[in-house]
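Q: Take this structure, written in structure tokens, and hold onto it; I'll ask about it next.
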Amino acid sequence: MPVPLTETWSSAFLQSALTLLIFALGIPAIILQITLSPEVQRLASRRVLGGGRWTLFGVLLYVAAVLSYVWVLHPPDISPKGVREWIGSIVLTVILLLTVALWWDLLTSASRENVLVKLQKKAVVKRASKYQVNDIAVADIVFLGIRGRPGTEKKAVLLSLEYCSKAVQSAKHYQHGQLDAVIMGIGTILSAADLRADDQNFQEGGRILNSILDRCSSNTSSDFTAAVRTLERLSTESIRYCSDSTVSLYLESVSAPRVPLPLAARGLHNMGITALELKKFHLALAVLNRLESIARTSLPNQARAPVLYLVAFISRFWFKSIVARSRMSQSLAAVSTGPISDFVLSVSHYFTERGDFEIGDSVLSLSKELRGHNQDTDDMQSELPLL
């Protein structure tokens with residue numbers, strides 16, 4: 001005959017089992033709250049832990065353990081003396097070992113590195129012999145990058161995005177317009193204001209964007225244009241927050257030969273304006289030299305964008321530094337045909353017609369300055385006594 005369960009023993013045992021269950025599931029939850037950042041907790045609960053699957057697994061484990069333990073404590077009364085105690089100890093030991101194993105697996109699965117690996121696997125989907133980007137998974141990766149600490153955490157996220165770009169671009173049927181989410185994500189991570197990326201992150205992001213450009217077979221594709229625009233945006237950010245060596249890398253990338261001249265000229269112009277705003281005149285001069293270099297390739301057709309943006313940049317530089325005006329006058333003379341002031345005025349009209357009123361006003365002010373300077377020179381010459 002089985003040993004009957006008494007009410008007192010059953011109540012005490014169920015209370016003990018419930019306490020053990022709460023302990024087993026509550027301890028790892030507390031550890032996760034303490035050790036993981038909020039963004040990792042959020043993604044881990046949705047992407048790794050499956051919205052409660054781990055809790056369900058733990059509950060089922062303990063229900064099985066409780067039933068087994070009840071059976072051990074109340075076997076038929078024919079068991080040899082002492083066997084029941086040994087079996088009970090073994091069952092209790094197995095429960096504790098499974099609890100530790102559950103904790104370990106839960107904590108390692110919810111780590112930042114593991115969450116990132118799982119997101120990376122979901123970010124690229126193969127369909128019909130081509131890879132496609134899963135924008136939702138990429139958005140989660142970017143979220144981790146935005147909230148990640150500068151240095152290794154942001155670098156790990158950038159490398160995951162590089163993996164996505166390589167997978168898509170290495171496919172046979174790559175369509176040159178599938179990486180918008182990846183490219184924009186790189187720019188978003190590096191320009192995030194809450195946890196500002198460091199020099200290493202900016203260099204890594206620039207390298208990845210350049211590798212995307214290298215794998216684009218056309219410089220008119222949407223992926224190529226998006227990568228160039230992101231490099232342009234990050235180049236101005238690098239002037240604000242990075243070392244000169246990092247700025248030099250972006251200066252080279254923005255004005256690389258593969259970049260169409262209009263895009264390169266606009267990017268250099270924006271870099272130069274930022275350098276002037278921050279009074280980093282050595283960087284502004286480096287931009288001026290590079291603009292002059294690509295403008296020479298546009299001569300003698302002054303309608304080309306490099307010449308126009310060169311004049312636009314000089315119009316801002318002119319009023320920032322008096323001692324550099326002779327240097328800029330030489331540059332204007334090299335790209336102008338006819339009177340310099342008239343040529344500068346025509347550039348002002350060009351930007352005004354395009355709706356770039358700020359640039360147009362700046363160039364117009366330079367034109368007036370040059371006309372006034374020429375008039376003053378003529379007046380001085382007319383007042384000189386004849387010898």
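Residue numbering restarts at 1 in every chain; chains get A, B, ... in the order shown in the structure tokens, and ligands count up from 1 in that same order.
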How would you write, as a PyMOL selection string, the set of residues in segment 218-344 of chain A that DSSP gives as alpha helix (DSSP H)?
A: chain A and resi 222-241+244-254+261-277+281-296+305-318+325-335+340-344
Q: Quick one: everything within 12 Å of Val259 of chain A, counting only C-alpha atoms, minus sequence neighbours fewer than 2 positions away in the same chain. Send it as a VMD selection string.
A: chain A and resid 210 213 to 214 216 218 to 221 224 to 229 231 to 232 251 to 257 261 to 268 294
Q: Could you take the residues named above and write them with N, CA and C atoms, as a short mmCIF file (atom, residue, chain, number, x, y, z; two decimals), in the first residue's frame?
A:
data_model
loop_
_atom_site.label_atom_id
_atom_site.label_comp_id
_atom_site.auth_asym_id
_atom_site.auth_seq_id
_atom_site.Cartn_x
_atom_site.Cartn_y
_atom_site.Cartn_z
N ASN A 210 33.72 52.85 -46.96
CA ASN A 210 34.60 52.79 -48.13
C ASN A 210 34.59 51.41 -48.77
N LEU A 213 31.54 51.18 -50.87
CA LEU A 213 31.77 51.89 -52.14
C LEU A 213 32.61 51.06 -53.09
N ASP A 214 33.62 50.37 -52.56
CA ASP A 214 34.50 49.55 -53.41
C ASP A 214 33.72 48.41 -54.08
N CYS A 216 30.57 48.49 -54.93
CA CYS A 216 29.53 49.00 -55.84
C CYS A 216 30.12 49.13 -57.23
N SER A 218 28.66 50.60 -59.73
CA SER A 218 28.20 51.84 -60.37
C SER A 218 28.19 52.97 -59.33
N ASN A 219 28.74 54.12 -59.74
CA ASN A 219 28.74 55.26 -58.81
C ASN A 219 27.46 56.08 -58.89
N THR A 220 26.46 55.54 -59.58
CA THR A 220 25.15 56.19 -59.62
C THR A 220 24.09 55.37 -58.90
N SER A 221 24.46 54.24 -58.33
CA SER A 221 23.48 53.40 -57.65
C SER A 221 23.07 54.05 -56.33
N PHE A 224 25.58 53.41 -53.48
CA PHE A 224 26.78 54.24 -53.61
C PHE A 224 26.48 55.66 -53.13
N THR A 225 25.38 56.21 -53.61
CA THR A 225 25.02 57.59 -53.23
C THR A 225 24.77 57.70 -51.73
N ALA A 226 24.08 56.71 -51.17
CA ALA A 226 23.80 56.74 -49.73
C ALA A 226 25.09 56.67 -48.92
N ALA A 227 26.04 55.85 -49.36
CA ALA A 227 27.31 55.73 -48.64
C ALA A 227 28.10 57.03 -48.72
N VAL A 228 28.10 57.68 -49.89
CA VAL A 228 28.82 58.94 -50.03
C VAL A 228 28.18 60.02 -49.16
N ARG A 229 26.87 60.09 -49.15
CA ARG A 229 26.18 61.09 -48.32
C ARG A 229 26.44 60.85 -46.84
N LEU A 231 29.16 59.39 -45.59
CA LEU A 231 30.54 59.83 -45.38
C LEU A 231 30.61 61.35 -45.26
N GLU A 232 29.86 62.04 -46.10
CA GLU A 232 29.84 63.50 -46.05
C GLU A 232 29.34 64.00 -44.70
N LEU A 251 38.53 63.23 -45.13
CA LEU A 251 38.83 64.16 -46.23
C LEU A 251 39.23 63.39 -47.48
N GLU A 252 40.03 62.35 -47.30
CA GLU A 252 40.43 61.52 -48.43
C GLU A 252 39.24 60.75 -49.00
N SER A 253 38.37 60.26 -48.13
CA SER A 253 37.24 59.46 -48.59
C SER A 253 36.23 60.30 -49.37
N VAL A 254 35.94 61.50 -48.86
CA VAL A 254 34.95 62.37 -49.51
C VAL A 254 35.41 62.81 -50.89
N SER A 255 36.72 63.02 -51.05
CA SER A 255 37.24 63.54 -52.32
C SER A 255 37.98 62.48 -53.13
N ALA A 256 37.71 61.20 -52.85
CA ALA A 256 38.37 60.12 -53.59
C ALA A 256 37.99 60.17 -55.07
N PRO A 257 38.86 59.67 -55.96
CA PRO A 257 38.57 59.73 -57.40
C PRO A 257 37.27 59.04 -57.81
N LEU A 261 32.46 64.29 -59.05
CA LEU A 261 32.95 65.61 -58.67
C LEU A 261 31.90 66.49 -57.96
N PRO A 262 30.64 66.50 -58.41
CA PRO A 262 29.66 67.33 -57.68
C PRO A 262 29.49 66.90 -56.22
N LEU A 263 29.45 65.59 -55.98
CA LEU A 263 29.31 65.11 -54.60
C LEU A 263 30.56 65.40 -53.79
N ALA A 264 31.74 65.23 -54.41
CA ALA A 264 32.98 65.50 -53.69
C ALA A 264 33.09 66.98 -53.34
N ALA A 265 32.72 67.85 -54.28
CA ALA A 265 32.82 69.29 -54.03
C ALA A 265 31.87 69.73 -52.92
N ARG A 266 30.67 69.22 -52.94
CA ARG A 266 29.71 69.59 -51.89
C ARG A 266 30.17 69.09 -50.53
N GLY A 267 30.68 67.86 -50.49
CA GLY A 267 31.17 67.32 -49.23
C GLY A 267 32.34 68.12 -48.67
N LEU A 268 33.29 68.49 -49.53
CA LEU A 268 34.42 69.31 -49.09
C LEU A 268 33.95 70.68 -48.61
N ILE A 294 40.52 69.62 -57.15
CA ILE A 294 39.49 69.03 -58.01
C ILE A 294 38.86 70.08 -58.92
#
Q: Can you list, as a ChimeraX atom specification, every protein, DNA or RNA residue that comes within 9 Å of segment 177-185 of chain A when you count only C-alpha atoms, leaving out same-chain residues fewer than 5 positions away?
A: /A:132-135,138-139,141-143,145,158,161-162,164-165,168-169,190,209,212,221-224,226-227,230
Q: Hey, can you spit out that residue selection with N, CA, C and O atoms as a JSON list (two decimals), in the first residue's frame?
A:
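Result written to result.json:
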[["chain", "number", "residue", "atom", "x", "y", "z"],
["A", 132, "GLN", "N", 18.69, 39.40, -48.73],
["A", 132, "GLN", "CA", 17.93, 40.61, -48.46],
["A", 132, "GLN", "C", 18.13, 41.02, -47.01],
["A", 132, "GLN", "O", 18.32, 40.17, -46.13],
["A", 133, "VAL", "N", 18.07, 42.32, -46.77],
["A", 133, "VAL", "CA", 18.25, 42.84, -45.42],
["A", 133, "VAL", "C", 16.92, 42.85, -44.68],
["A", 133, "VAL", "O", 15.91, 43.31, -45.21],
["A", 134, "ASN", "N", 16.94, 42.30, -43.48],
["A", 134, "ASN", "CA", 15.78, 42.38, -42.60],
["A", 134, "ASN", "C", 15.86, 43.69, -41.83],
["A", 134, "ASN", "O", 16.63, 43.83, -40.88],
["A", 135, "ASP", "N", 15.06, 44.66, -42.25],
["A", 135, "ASP", "CA", 15.16, 46.00, -41.69],
["A", 135, "ASP", "C", 14.87, 46.03, -40.19],
["A", 135, "ASP", "O", 15.44, 46.84, -39.45],
["A", 138, "VAL", "N", 18.00, 44.80, -38.42],
["A", 138, "VAL", "CA", 19.02, 45.82, -38.54],
["A", 138, "VAL", "C", 18.72, 46.99, -37.60],
["A", 138, "VAL", "O", 19.63, 47.56, -36.97],
["A", 139, "ALA", "N", 17.45, 47.36, -37.49],
["A", 139, "ALA", "CA", 17.08, 48.45, -36.57],
["A", 139, "ALA", "C", 17.42, 48.08, -35.12],
["A", 139, "ALA", "O", 17.86, 48.94, -34.35],
["A", 141, "ILE", "N", 19.90, 46.07, -34.24],
["A", 141, "ILE", "CA", 21.36, 46.16, -34.16],
["A", 141, "ILE", "C", 21.78, 47.62, -33.99],
["A", 141, "ILE", "O", 22.65, 47.94, -33.17],
["A", 142, "VAL", "N", 21.17, 48.50, -34.76],
["A", 142, "VAL", "CA", 21.49, 49.92, -34.67],
["A", 142, "VAL", "C", 21.14, 50.45, -33.28],
["A", 142, "VAL", "O", 21.89, 51.26, -32.71],
["A", 143, "PHE", "N", 20.04, 50.00, -32.74],
["A", 143, "PHE", "CA", 19.64, 50.41, -31.38],
["A", 143, "PHE", "C", 20.72, 50.01, -30.36],
["A", 143, "PHE", "O", 21.06, 50.80, -29.47],
["A", 145, "GLY", "N", 23.84, 49.68, -31.06],
["A", 145, "GLY", "CA", 24.99, 50.54, -31.32],
["A", 145, "GLY", "C", 24.82, 51.93, -30.75],
["A", 145, "GLY", "O", 25.77, 52.52, -30.22],
["A", 158, "LEU", "N", 29.24, 47.80, -35.34],
["A", 158, "LEU", "CA", 29.66, 48.20, -36.68],
["A", 158, "LEU", "C", 30.13, 47.00, -37.49],
["A", 158, "LEU", "O", 29.84, 46.90, -38.69],
["A", 161, "LEU", "N", 27.16, 45.14, -38.81],
["A", 161, "LEU", "CA", 26.61, 45.80, -40.00],
["A", 161, "LEU", "C", 27.50, 45.57, -41.22],
["A", 161, "LEU", "O", 27.00, 45.44, -42.34],
["A", 162, "GLU", "N", 28.81, 45.50, -41.00],
["A", 162, "GLU", "CA", 29.71, 45.18, -42.12],
["A", 162, "GLU", "C", 29.43, 43.77, -42.64],
["A", 162, "GLU", "O", 29.44, 43.54, -43.85],
["A", 164, "CYS", "N", 26.60, 42.25, -42.65],
["A", 164, "CYS", "CA", 25.37, 42.34, -43.44],
["A", 164, "CYS", "C", 25.65, 42.89, -44.84],
["A", 164, "CYS", "O", 25.15, 42.37, -45.85],
["A", 165, "SER", "N", 26.46, 43.95, -44.90],
["A", 165, "SER", "CA", 26.76, 44.56, -46.20],
["A", 165, "SER", "C", 27.53, 43.60, -47.10],
["A", 165, "SER", "O", 27.26, 43.50, -48.30],
["A", 168, "VAL", "N", 25.18, 40.80, -48.48],
["A", 168, "VAL", "CA", 24.27, 41.26, -49.53],
["A", 168, "VAL", "C", 25.05, 41.56, -50.82],
["A", 168, "VAL", "O", 24.65, 41.15, -51.92],
["A", 169, "GLN", "N", 26.18, 42.24, -50.70],
["A", 169, "GLN", "CA", 26.91, 42.65, -51.90],
["A", 169, "GLN", "C", 27.66, 41.51, -52.57],
["A", 169, "GLN", "O", 28.01, 41.61, -53.75],
["A", 190, "LEU", "N", 27.29, 56.47, -35.28],
["A", 190, "LEU", "CA", 28.45, 57.33, -35.08],
["A", 190, "LEU", "C", 28.08, 58.76, -34.71],
["A", 190, "LEU", "O", 28.88, 59.46, -34.08],
["A", 209, "LEU", "N", 32.24, 52.00, -44.75],
["A", 209, "LEU", "CA", 31.57, 52.73, -45.84],
["A", 209, "LEU", "C", 32.42, 52.73, -47.10],
["A", 209, "LEU", "O", 31.89, 52.59, -48.22],
["A", 212, "ILE", "N", 32.04, 49.41, -48.77],
["A", 212, "ILE", "CA", 30.76, 49.34, -49.49],
["A", 212, "ILE", "C", 30.90, 50.03, -50.85],
["A", 212, "ILE", "O", 30.43, 49.51, -51.88],
["A", 221, "SER", "N", 24.46, 54.24, -58.33],
["A", 221, "SER", "CA", 23.48, 53.40, -57.65],
["A", 221, "SER", "C", 23.07, 54.05, -56.33],
["A", 221, "SER", "O", 23.77, 54.90, -55.78],
["A", 222, "SER", "N", 21.92, 53.62, -55.82],
["A", 222, "SER", "CA", 21.41, 54.22, -54.58],
["A", 222, "SER", "C", 22.29, 53.88, -53.39],
["A", 222, "SER", "O", 22.48, 54.71, -52.50],
["A", 223, "ASP", "N", 22.87, 52.67, -53.36],
["A", 223, "ASP", "CA", 23.77, 52.31, -52.27],
["A", 223, "ASP", "C", 25.03, 53.17, -52.29],
["A", 223, "ASP", "O", 25.52, 53.61, -51.24],
["A", 224, "PHE", "N", 25.58, 53.41, -53.48],
["A", 224, "PHE", "CA", 26.78, 54.24, -53.61],
["A", 224, "PHE", "C", 26.48, 55.66, -53.13],
["A", 224, "PHE", "O", 27.24, 56.24, -52.34],
["A", 226, "ALA", "N", 24.08, 56.71, -51.17],
["A", 226, "ALA", "CA", 23.80, 56.74, -49.73],
["A", 226, "ALA", "C", 25.09, 56.67, -48.92],
["A", 226, "ALA", "O", 25.23, 57.37, -47.90],
["A", 227, "ALA", "N", 26.04, 55.85, -49.36],
["A", 227, "ALA", "CA", 27.31, 55.73, -48.64],
["A", 227, "ALA", "C", 28.10, 57.03, -48.72],
["A", 227, "ALA", "O", 28.70, 57.46, -47.72],
["A", 230, "THR", "N", 26.50, 59.58, -46.43],
["A", 230, "THR", "CA", 26.79, 59.28, -45.03],
["A", 230, "THR", "C", 28.22, 59.66, -44.69],
["A", 230, "THR", "O", 28.49, 60.21, -43.61]]
Q: What lies within 9 Å of segment 295-297 of chain A using only C-alpha atoms, ignoring chain neighbours under 2 positions off, as a PyMOL selection string?
A: chain A and resi 261+265+290-293+299-300+302+304-310+334-335
Q: Please write the residues from the selection above to a file, keeping N, CA and C atoms, as a compact mmCIF listing (two decimals), in the first residue's frame.
A:
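So the final result, stored in result.txt, reads:
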# COMPACT_ATOMS: atom_id res chain seq x y z
N LEU A 261 32.46 64.29 -59.05
CA LEU A 261 32.95 65.61 -58.67
C LEU A 261 31.90 66.49 -57.96
N ALA A 265 32.72 67.85 -54.28
CA ALA A 265 32.82 69.29 -54.03
C ALA A 265 31.87 69.73 -52.92
N ARG A 290 42.26 71.01 -51.27
CA ARG A 290 41.64 69.89 -51.97
C ARG A 290 40.58 70.38 -52.97
N LEU A 291 39.81 71.39 -52.59
CA LEU A 291 38.83 71.95 -53.52
C LEU A 291 39.51 72.54 -54.75
N GLU A 292 40.63 73.23 -54.53
CA GLU A 292 41.38 73.78 -55.67
C GLU A 292 41.85 72.67 -56.59
N SER A 293 42.28 71.56 -55.99
CA SER A 293 42.80 70.44 -56.79
C SER A 293 41.73 69.86 -57.70
N LEU A 299 38.25 73.04 -65.17
CA LEU A 299 38.54 74.16 -66.06
C LEU A 299 38.62 73.68 -67.51
N PRO A 300 38.26 74.52 -68.48
CA PRO A 300 37.85 75.92 -68.35
C PRO A 300 36.35 76.14 -68.22
N GLN A 302 33.50 76.89 -66.13
CA GLN A 302 33.24 77.36 -64.77
C GLN A 302 31.87 76.94 -64.24
N ARG A 304 30.96 73.98 -63.76
CA ARG A 304 31.10 72.74 -63.03
C ARG A 304 31.03 72.98 -61.53
N ALA A 305 30.47 71.99 -60.81
CA ALA A 305 30.24 72.12 -59.38
C ALA A 305 31.49 72.39 -58.57
N PRO A 306 32.64 71.74 -58.85
CA PRO A 306 33.83 72.03 -58.02
C PRO A 306 34.21 73.50 -57.99
N VAL A 307 34.14 74.17 -59.13
CA VAL A 307 34.48 75.59 -59.18
C VAL A 307 33.46 76.40 -58.40
N LEU A 308 32.20 76.05 -58.55
CA LEU A 308 31.15 76.80 -57.86
C LEU A 308 31.29 76.65 -56.34
N TYR A 309 31.51 75.42 -55.88
CA TYR A 309 31.65 75.22 -54.44
C TYR A 309 32.96 75.79 -53.91
N LEU A 310 33.98 75.85 -54.76
CA LEU A 310 35.22 76.50 -54.35
C LEU A 310 34.97 77.98 -54.08
N ALA A 334 42.62 82.02 -60.47
CA ALA A 334 42.94 80.82 -61.24
C ALA A 334 41.72 80.20 -61.89
N VAL A 335 40.53 80.43 -61.33
CA VAL A 335 39.33 79.79 -61.87
C VAL A 335 38.40 80.77 -62.56
Q: Kindly indicate which residue among A:Leu195, A:Ile359, A:Leu119, A:Val287 lies nearest to Thr236 of chain A, using only C-alpha atoms for the distances.
A: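 Nearest to Thr236 of chain A: A:Val287.
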Q: What does the distance between atom CA of Ser211 of chain A and atom CA of Leu234 of chain A come to in Å, to one decimal place?
A: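 Distance between the two atoms: 15.7 Å.
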Q: One decimal, in Å: what's the spacing between atom CA of Ser348 of chain A and atom CA of Arg316 of chain A?
A: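 Calculated distance between atom CA of Ser348 of chain A and atom CA of Arg316 of chain A is 12.6 Å.
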Q: Name the closest residue to Ser191 of chain A among the candidates A:Val125, A:Leu285, A:Ile208, A:Ile239; distances are taken between atoms, counting only C-alpha atoms.
A: A:Ile239
Q: Quick check, in Å to one decimal: how far apart do atom CA of Arg258 of chain A and atom CA of His176 of chain A lie?
A: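 Taking atom CA of Arg258 of chain A as the start and atom CA of His176 of chain A as the end point, the length is 16.0 Å.
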Q: Smallest atom-to-atom distance to Thr246 of chain A: which of A:Leu370, A:Leu278, A:Leu283, A:Val157, using only C-alpha atoms?
A: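 Answer, going by the shortest atom-to-atom distance: A:Leu283.
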Q: Quick one: everything within 12 Å of Ala333 of chain A, counting only C-alpha atoms, minus sequence neighbours fewer than 4 positions away in the same chain. Send it as a list in words.
A: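 The contact residues come out as Glu292, Val307, Leu310, Val311, Ile314, Ser326, Arg327, Met328, Ser329, Thr337, Gly338, Pro339, Ile340, Ser341, Asp342, Phe343, Val344 and Leu370 of chain A.
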Q: With distances taken over only C-alpha atoms, which residue among A:Val363, A:Ile30, A:Val323, A:Ile189 lies nearest Arg147 of chain A?
A: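 Checking each candidate against Arg147 of chain A, we get A:Ile189 as the closest.
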Q: Have a look at A:Leu345, A:Leu102, A:Ala156, A:Ile95 and name the one nearest to Val117 of chain A; count only C-alpha atoms.
A: A:Ala156
Q: Counting only C-alpha atoms, which residues in segment 242-294 of chain A sit no more than 12 Å from segment 318-321 of chain A? For each one, give the nearest pair of atoms and the distance in Å, sorted by chain then residue number, as a tab-separated table.
A:
residue	atom	partner	partner_atom	distance
A:Gly272	CA	A:Lys320	CA	11.9
A:Ile273	CA	A:Lys320	CA	10.6
A:Ala275	CA	A:Lys320	CA	11.0
A:Leu276	CA	A:Lys320	CA	7.4
A:Glu277	CA	A:Lys320	CA	9.1
A:Leu278	CA	A:Lys320	CA	11.1
A:Lys279	CA	A:Lys320	CA	8.6
A:Lys280	CA	A:Lys320	CA	11.0
A:Phe281	CA	A:Ser321	CA	8.8
A:His282	CA	A:Ser321	CA	11.8
A:Ala284	CA	A:Lys320	CA	10.6
A:Leu285	CA	A:Ser321	CA	11.0
A:Leu288	CA	A:Trp318	CA	11.7
Q: Within 10 Å of Asn201 of chain A, counting only C-alpha atoms, which residues show up once you throw out same-chain ones fewer than 4 positions away? Write them as number ranges by chain, please.
A: A: 150-156, 158, 189-190, 196-197, 205-207
